[in-house]
Structures are given as C-alpha cells and as structure tokens.
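Visitor: For reference, the structure I am asking about is given below.
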Amino acid sequence: MARYILALDQGTTSSRAMLFNEWGNIVSLAQEEFPQHFPQPGWVEHDAMDIWDAQLRVARNALEQVAAKATEIAAIGITNQRETTLIWERASGRPIHRAIVWQDRRTASLCDALRAEGFDRRIAERTGLVTDPYFSATKVAWLLENVVGARQKAERGELAFGTMDAWLVWQLTAGASHITDISNASRTMLFDIHSGSWCTEILERLNIPPSLLPTVVPSSAVVGETVAACFGAAIPIAGMAGDQQAATFGQVCTEAGMAKNTYGTGCFLLMQTGRRPVPSAHQLLTTIAWQIGEAEAQYALEGSVFVAGAAVQWLRDELAFVETSAASEAIATSVSDSGGVYLVPAFTGLGAPYWDAYARGAIVGLSRGSGRAEIVRAALESIAYQSRDVVEVMRKDADLSLHTLRVDGGVTQNDFVMQFQADILGVPVERPVITETTALGAAYLAGLAVGFWPSMGALKEQWRLDRVFEPQISAAEREERYAGWLQAVARVCSDVA
Ligand code: ADP
C-alpha cells in the first residue's frame with residue numbers, strides 16, 4: 001500500500017528529503033549540507049557528486065526514520081536550486097567540471113556583450129528573462145569554451161547538460177533518462193516560453209549544440225522510475241519543479257492573481273498569471289510556473305528583493321541591536337511607530353523596480369529621540385515596503401489585482417512584520433500551517449500525477465491556514481507611510497546622490 005510521497009529538495013547549501021503522508025503532513029525529514037567552492041572572487045561551484053551522494057543518503061534516511069519500504073512510496077517529487085549548470089559525459093556519467101552555481105558571476109562580460117549588440121531584447125522576448133549571468137545559458141557557453149576538449153565532445157553528441165533536477169533524474173534512473181521539467185527549462189535562458197521548445201536562435205548565438213539538451217517534460221507526470229539499487233525497488237518519478245515554482249504550487253496559488261512571497265535571506269515573490277505569459281515593463285521575470293500533465297503550461301511573474309531577513313542579521317551581527325533574529329519583534333513593538341525613521345537596506349544595490357546596482361543603504365529621518373527600537377522597527381518595516389515595491393509593478397504589468405498574499409520562509413515567524421505587510425499592502429496576508437512549501441509543492445506535483453491526491457481541489461482543501469493578518473490601518477495612513485518610503489529610496493538611488 002502506497003502511504004507516502006518522497007520529496008527531494010536539492011537546495012543551494014543542502015540537500016533535504018521529506019516524506020509526506022496523504023494529509024500533506026511531514027512524517028520524516030533528513031538534511032545534509034555539502035561543500036561550497038569559491039575558486040575565484042565571484043565564482044561559486046558545487047561538486048555534482050557531493051550533491052547526488054548527499055541527496056541519496058538523506059532520501060534513504062527519511063525512509064529509515066519511519067521504517068518505510070520503497071513499495072510504500074507512491075512517487076518521488078523533485079525540487080531544486082534553479083539555474084545551476086552541469087555538463088556530464090553521457091557514456092560515463094562523469095561531470096566534465098564542477099557545477100556552476102546560479103550565484104556565479106564569471107559570465108558577466110559575455111552578458112555585457114549580448115546587451116551591447118541588443119541581443120538582450122530577443123532574449124527577453126523569447127525567454128522572459130533579463131540577460132544576466134544568473135541564468136544557465138552563458139554558463140553552458142563558458143564550460144564549452146573553457147573545459148579542454150568539451151566543444152569537440154559536445155559536437156560529437158557525447159555530452160549532456162542539465163540543471164540539478166536533470167542531474168538527479170539521470171542518477172536515479174542510472175542514465176536512462178535525460179529530462180528536465182518545463183519550469184526548470186524556463187530558467188536556462190535557452191528556452192522559448194511561448195512555443196515551449198528550446199530556442200534555436202539563442203543556441204546558435206551562444207554556439208551551444210542542441211545535442212546537449214535534455215528532453216523537456218511536464219512538472220506533474222510520471223516521467224520515469226528509479227532503479228531498484230537506490231531504494232530496494234523501483235519508485236515512479238512523477239513531479240519536478242524549480243524551488244520557487246514548487247513553493248508557489250505548495251501554497252496552492254493555482255489561480256491567476258494569486259501570489260506567494262518567500263521571506264528568507266531575500267524575498268521571492270511570484271504571482272501566478274494563468275495561461276498568459278505577461279511581459280514585464282519593469283524588468284520582472286516572466287517564467288513558466290508549471291505544467292500539469294498534458295494541460296497547458298501556467299505562467300508567473302517573479303520579482304525578488306535582495307535583502308530581507310539579511311537586514312535582521314545585520315542588526316544582530318553588525319550593530320548588535322538584537323541578540324537573535326526573533327528578538328527583533330519585541331524591540332520593534334516596544335514603540336508605537338518608527339518615529340519617521342526609514343531604513344533602506346540597499347546593501348547590494350536595489351532590485352525591481354529600481355534596478356540600481358550602485359545604490360547603497362541608508363537610515364533617514366533620524367531625530368534626537370530616535371533610538372535602537374525605532375531603527376529595529378524601520379529595518380523590519382523595510383522588508384514589507386520592498387515587497388510592496390515589487391507588488392506595485394506586478395499589479396501594473398499583469399493588470400491583475402492581488403487579493404491575498406500567501407507567505408512562507410523564516411521571517412514569517414515575525415508577527416509584527418506580517419501585520420505590517422498586510423497594513424502596507426492593503427490585502428490580507430495568509431500564513432499556512434506548513435511552511436515547508438517548497439518540498440510540499442514537489443510532493444503535490446508528484447502525488448497528483450499518480451493519483452495519491454485525486455485533484456487540485458483536494459490540494460486546495462489541504463492548504464491550512466495558521467493565521468491571517470488583515471490590514472488594520474486606513475488607506476490614507478498606508479499611502480502616507482509608503483510615500484515616506486519612496487522618498488527614502490529616492491535618496492539612496494545613485495542618480496540622486
Ligand atoms: P534562507 O532559506 O534564505 O536561508 P530562511 O527561510 O531559513 O532563509 O530564513 C532565515 C532568515 O529569516 C534569516 O535572515 C533570519 O534573520 C530571518 N528570521 C528568522 N526568524 C526571524 C524572526 N522571528 N524575525 C525576523 N527575522 C527572522
């Protein structure tokens with residue numbers, strides 16, 4: 001009897017595995033960190049064998065914790081750090097180089113060159129993405145240019161490219177399947193999100209042979225099965241999605257206009273836009289959310305905030321204003337407002353909608369009475385203001401009104417931030433009971449494909465609210481506070497300084 005879904009969550013710093021039961025509850029969890037390699041400033045690499053070894057160990061561990069047998073696992077769902085790029089030899093399965101991680105900036109000059117010739121406009125039209133080293137395309141090009149013998153082997157069809165989903169499936173099937181799901185494909189900057197196929201024009205411009213590419217499959221469908229050597233018996237592989245898309249699915253944001261925000265080190269805000277890929281006039285990313293079986297793909301708009309929880313860490317580690325991240329809440333609420341103080345945590349520049357790489361942080365509006373509590377409160381408020389900045393441009397781009405915002409991530413434990421977010425957006429903020437939404441989303445995608453859950457309706461019913469934060473301030477107050485934020489941001493932008 002199948003009792004569980006196994007979710008593999010292959011993240012940037014660790015590999016995790018979780019078993020979910022039919023009620024969507026976590027019954028076991030195992031996690032292992034793996035080494036990060038920084039061969040030069042701005043370069044970040046992972047050893048793909050470390051990732052696979054850790055992933056297999058945690059998956060086995062998750063089964064062992066509850067003495068589950070492979071035959072009790074209805075399906076496996078995979079979610080992963082997106083964009084991280086690997087090339088391996090088809091015959092031996094050996095990587096030709098370490099994986100180049102999404103954070104790696106080594107291909108910045110190639111991206112500059114693409115922009116200089118105006119090719120970034122074609123890239124945006126076809127892939128929905130901003131031309132940036134973040135995505136896989138230029139990393140593939142770099143590997144082919146810089147690894148000895150790689151180009152010749154690629155031209156002979158001897159190499160395979162994949163993001164971490166493809167790599168894990170290759171390993172789980174002992175090389176039988178070279179596939180990637182459509183949401184991961186849409187982050188490579190090589191995929192035409194309108195036609196749903198690899199983009200020949202970009203491949204040619206970057207001199208990437210099509211023989212490298214995996215077959216693109218739906219996010220929810222039985223696409224293969226594990227070899228018995230992994231878990232003692234074959235298990236269907238039935239769900240795959242990039243981490244932010246999986247989190248959006250785990251939050252059951254399945255209708256156009258529904259959005260989720262993940263508040264971790266930074267924030268990732270995704271709004272589902274249904275069957276419509278919405279181009280952005282504000283450099284948000286247009287991306288594929290998921291595809292369920294043979295149904296049409298669903299799209300999303302994505303915007304990120306660079307510094308969210310990291311601002312709280314800064315209060316703790318640099319200013320010693322709080323002992324722990326959690327302690328920020330009591331300090332912030334010890335005063336009734338920030339007394340006109342705004343903190344703009346532009347430590348690494350500003351993202352959407354400002355896109356100012358040269359902006360730097362500032363605390364503005366200080367008066368003689370401003371103290372630690374006001375500054376801590378202003379730092380927490382900045383997380384909500386920055387999220388509103390992204391929501392504002394999403395609303396304009398998508399011409400969709402946001403009804404509610406579903407939230408997850410470490411910062412959501414802070415009730416003050418969540419209440420302030422509802423106040424400053426003017427929409428309810430919903431925090432679910434299960435905040436492991438990334439793994440849950442992968443489990444849902446897999447479980448739907450094998451009938452472990454009968455329908456999307458069943459998933460909607462499973463999503464359980466922990467707490468809803470309703471807006472409590474007047475529209476006039478909301479806009480006045482937000483106007484103060486916009487003024488503070490204007491002061492840190494590089495063209496004003
Ligand atoms: P990531 O996946 O990016 O590592 P997490 O979702 O684990 O992030 O969240 C960690 C972040 O949340 C840290 O930046 C931490 O400062 C912040 N954080 C955790 N708890 C709280 C809290 N109660 N109040 C404010 N920030 C918090």
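Naming scheme: A, B, ... for chains in displayed order of the structure tokens; residues 1 onward per chain; ligands 1 onward as shown.
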Compile the contact shell of Ser494 of chain A as a ChimeraX atom specification: residues with an atom at most 10 Å away, counting only C-alpha atoms, same-chain residues fewer than 3 positions apart removed.

Guide: /A:349,356-360,490-491,497

Visitor: Kindly work out which residues sit at most 8 Å from ligand 1, using only C-alpha atoms and all ligand atoms, and give the list as a list in words.

Guide: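 With only C-alpha atoms and all ligand atoms and a cut-off of 8 Å, ligand 1 is contacted by Thr262, Tyr263, Gly264, Thr265, Gly266, Ala308, Gly309, Ala310, Ala311, Val312, Gln313, Thr324, Ser325, Ala326, Ala327, Ser328, Glu329, Leu380, Asp408, Gly409, Gly410, Val411, Thr412, Gln413, Asn414, Asp415 and Val417 of chain A.
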
Visitor: For each of A:Leu343, A:Leu172, A:Ala295, A:Leu86, take the minimum atom-to-atom distance to Leu56 of chain A, counting only C-alpha atoms, then give the residue where this is smallest.

Guide: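 The closest residue to Leu56 of chain A is A:Leu172.
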
Visitor: Using only C-alpha atoms, find the one residue out of A:Ile100, A:Ala113, A:Val344, A:Val489 that sits nearest to Gly42 of chain A.

Guide: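 Among the listed residues, A:Ile100 lies closest to Gly42 of chain A.
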
Visitor: Between A:Gly369, A:Gly162, A:Gly224, A:Gly11, which one has atoms that come closest to Thr85 of chain A, using only C-alpha atoms?

Guide: A:Gly162

Visitor: If we count only C-alpha atoms, what is near segment 430-435 of chain A at a cut-off of 10 Å, once residues fewer than 5 positions away on the same chain are taken out, given as a list in words?

Guide: Gly24, Asn25, Ile26, Ala247, Gly250, Gln251, Lys260, Thr262, Thr404, Leu405, Arg406, Val407, Asp408, Gly409, Gly410, Thr412, Gln413, Asp415, Met418, Ala422, Leu440, Trp463, Arg464, Leu465, Asp466, Arg467, Val468, Phe469 and Glu470 of chain A

Visitor: Could you pull out the strand (DSSP E or B) residues of segment 110-258 of chain A from DSSP and send them as JSON, numbers by chain?

Guide: {"A": [159, 160, 161, 162, 179, 180, 181, 191, 192, 197, 198, 215, 216, 217, 220, 221, 222, 223, 224, 225, 236, 237, 238, 239, 240, 241, 242]}

Visitor: For the selection just defined, write its residues with N, CA, C and O atoms to a file, as a CSV table (one decimal), in the first residue's frame.

Guide:
```csv
chain,number,residue,atom,x,y,z
A,159,LEU,N,28.1,14.7,-24.8
A,159,LEU,CA,27.8,15.4,-23.5
A,159,LEU,C,26.4,15.7,-23.3
A,159,LEU,O,25.6,15.8,-24.2
A,160,ALA,N,26.0,15.8,-22.0
A,160,ALA,CA,24.7,16.2,-21.6
A,160,ALA,C,24.7,17.4,-20.7
A,160,ALA,O,25.6,17.4,-19.8
A,161,PHE,N,23.8,18.3,-20.9
A,161,PHE,CA,23.7,19.5,-20.0
A,161,PHE,C,22.4,19.3,-19.2
A,161,PHE,O,21.4,18.7,-19.6
A,162,GLY,N,22.5,19.7,-17.9
A,162,GLY,CA,21.2,19.7,-17.1
A,162,GLY,C,21.4,20.6,-15.9
A,162,GLY,O,22.5,20.9,-15.4
A,179,ILE,N,16.2,14.3,-18.8
A,179,ILE,CA,15.0,15.1,-18.9
A,179,ILE,C,15.1,16.3,-17.9
A,179,ILE,O,15.8,16.2,-16.9
A,180,THR,N,14.3,17.3,-18.2
A,180,THR,CA,14.2,18.4,-17.3
A,180,THR,C,12.7,18.9,-17.3
A,180,THR,O,12.1,18.7,-18.3
A,181,ASP,N,12.3,19.4,-16.2
A,181,ASP,CA,10.8,19.9,-16.3
A,181,ASP,C,10.8,21.3,-16.9
A,181,ASP,O,11.8,22.0,-16.9
A,191,PHE,N,15.3,28.7,-23.4
A,191,PHE,CA,14.0,28.0,-23.7
A,191,PHE,C,13.0,29.1,-24.1
A,191,PHE,O,12.9,30.1,-23.4
A,192,ASP,N,12.3,28.8,-25.2
A,192,ASP,CA,11.3,29.7,-25.6
A,192,ASP,C,10.0,29.4,-24.9
A,192,ASP,O,9.4,28.4,-25.1
A,197,SER,N,9.6,25.3,-26.5
A,197,SER,CA,10.7,24.4,-27.0
A,197,SER,C,12.0,25.2,-26.9
A,197,SER,O,12.0,26.4,-26.6
A,198,TRP,N,13.1,24.5,-27.0
A,198,TRP,CA,14.5,25.1,-26.9
A,198,TRP,C,14.6,26.2,-28.0
A,198,TRP,O,14.1,25.9,-29.2
A,215,THR,N,15.4,16.4,-22.7
A,215,THR,CA,14.0,16.5,-23.2
A,215,THR,C,13.2,17.2,-22.1
A,215,THR,O,13.4,16.9,-20.9
A,216,VAL,N,12.3,18.1,-22.5
A,216,VAL,CA,11.5,18.8,-21.6
A,216,VAL,C,10.2,18.1,-21.3
A,216,VAL,O,9.5,17.6,-22.2
A,217,VAL,N,9.9,17.9,-20.0
A,217,VAL,CA,8.7,17.1,-19.6
A,217,VAL,C,7.8,18.0,-18.7
A,217,VAL,O,8.3,19.0,-18.2
A,220,SER,N,4.2,17.8,-13.6
A,220,SER,CA,3.5,16.7,-12.9
A,220,SER,C,3.1,15.7,-13.9
A,220,SER,O,2.2,15.9,-14.7
A,221,ALA,N,3.8,14.6,-14.0
A,221,ALA,CA,3.6,13.4,-14.9
A,221,ALA,C,4.6,12.3,-14.5
A,221,ALA,O,5.7,12.6,-14.0
A,222,VAL,N,4.2,11.1,-14.7
A,222,VAL,CA,5.2,10.0,-14.5
A,222,VAL,C,6.2,10.0,-15.6
A,222,VAL,O,5.8,9.8,-16.8
A,223,VAL,N,7.4,10.3,-15.3
A,223,VAL,CA,8.4,10.5,-16.4
A,223,VAL,C,9.5,9.5,-16.3
A,223,VAL,O,10.4,9.5,-17.1
A,224,GLY,N,9.5,8.6,-15.3
A,224,GLY,CA,10.5,7.6,-15.3
A,224,GLY,C,10.4,6.9,-13.9
A,224,GLY,O,9.4,7.1,-13.1
A,225,GLU,N,11.3,5.9,-13.7
A,225,GLU,CA,11.3,5.3,-12.3
A,225,GLU,C,12.7,5.1,-11.9
A,225,GLU,O,13.6,4.9,-12.7
A,236,PRO,N,8.2,5.5,-8.9
A,236,PRO,CA,8.0,6.4,-10.0
A,236,PRO,C,8.5,7.8,-9.7
A,236,PRO,O,8.3,8.3,-8.6
A,237,ILE,N,9.0,8.5,-10.7
A,237,ILE,CA,9.4,9.9,-10.6
A,237,ILE,C,8.3,10.6,-11.3
A,237,ILE,O,8.0,10.4,-12.5
A,238,ALA,N,7.6,11.5,-10.5
A,238,ALA,CA,6.3,12.0,-11.0
A,238,ALA,C,6.1,13.5,-10.9
A,238,ALA,O,5.1,14.0,-11.3
A,239,GLY,N,7.1,14.2,-10.2
A,239,GLY,CA,7.0,15.6,-10.1
A,239,GLY,C,8.3,16.3,-10.1
A,239,GLY,O,9.3,15.7,-9.5
A,240,MET,N,8.4,17.4,-10.8
A,240,MET,CA,9.7,18.2,-10.8
A,240,MET,C,9.4,19.6,-11.0
A,240,MET,O,8.5,20.0,-11.9
A,241,ALA,N,10.0,20.5,-10.2
A,241,ALA,CA,9.9,21.9,-10.5
A,241,ALA,C,11.0,22.7,-9.8
A,241,ALA,O,11.5,22.2,-8.7
A,242,GLY,N,11.3,23.8,-10.3
A,242,GLY,CA,12.3,24.7,-9.6
A,242,GLY,C,11.8,25.1,-8.3
A,242,GLY,O,10.6,25.1,-8.0
```

Visitor: Between atom CA of Ala373 of chain A and atom CA of Leu315 of chain A, measure the distance and give it in Å to one decimal.

Guide: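 Rounded to one decimal, the two atoms are 11.1 Å apart.
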
Visitor: How would you write, as a PyMOL selection string, the set of residues in segment 210-447 of chain A that DSSP gives as alpha helix (DSSP H)?

Guide: chain A and resi 228-231+243-250+309-317+328-332+372-398+415-425+437-447

Visitor: Select, from A:Gly365, A:Gly426, A:Gly339, A:Gly451, the residue with the minimum atom-to-atom distance to Ile473 of chain A, counting only C-alpha atoms.

Guide: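 Using only C-alpha atoms, the shortest distance to Ile473 of chain A belongs to A:Gly426.
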
Visitor: What is the atom CA of Ile73 of chain A-atom CA of Val450 of chain A distance in Å, reported with one decimal?

Guide: 10.9 Å

Visitor: To one decimal in Å, tell me the separation between atom CA of Gln40 of chain A and atom CA of Thr138 of chain A.

Guide: 17.6 Å

Visitor: Which of these, A:Asn61, A:Ile288, A:His178, A:Val492, has the shortest distance to Phe347 of chain A once you count only C-alpha atoms?

Guide: A:Val492

Visitor: Between A:Val130, A:Val148, A:Ala137, A:Glu22, which has the minimum distance to Pro454 of chain A (counting only C-alpha atoms)?

Guide: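 Comparing A:Val130, A:Val148, A:Ala137, A:Glu22 against Pro454 of chain A, the winner is A:Glu22.
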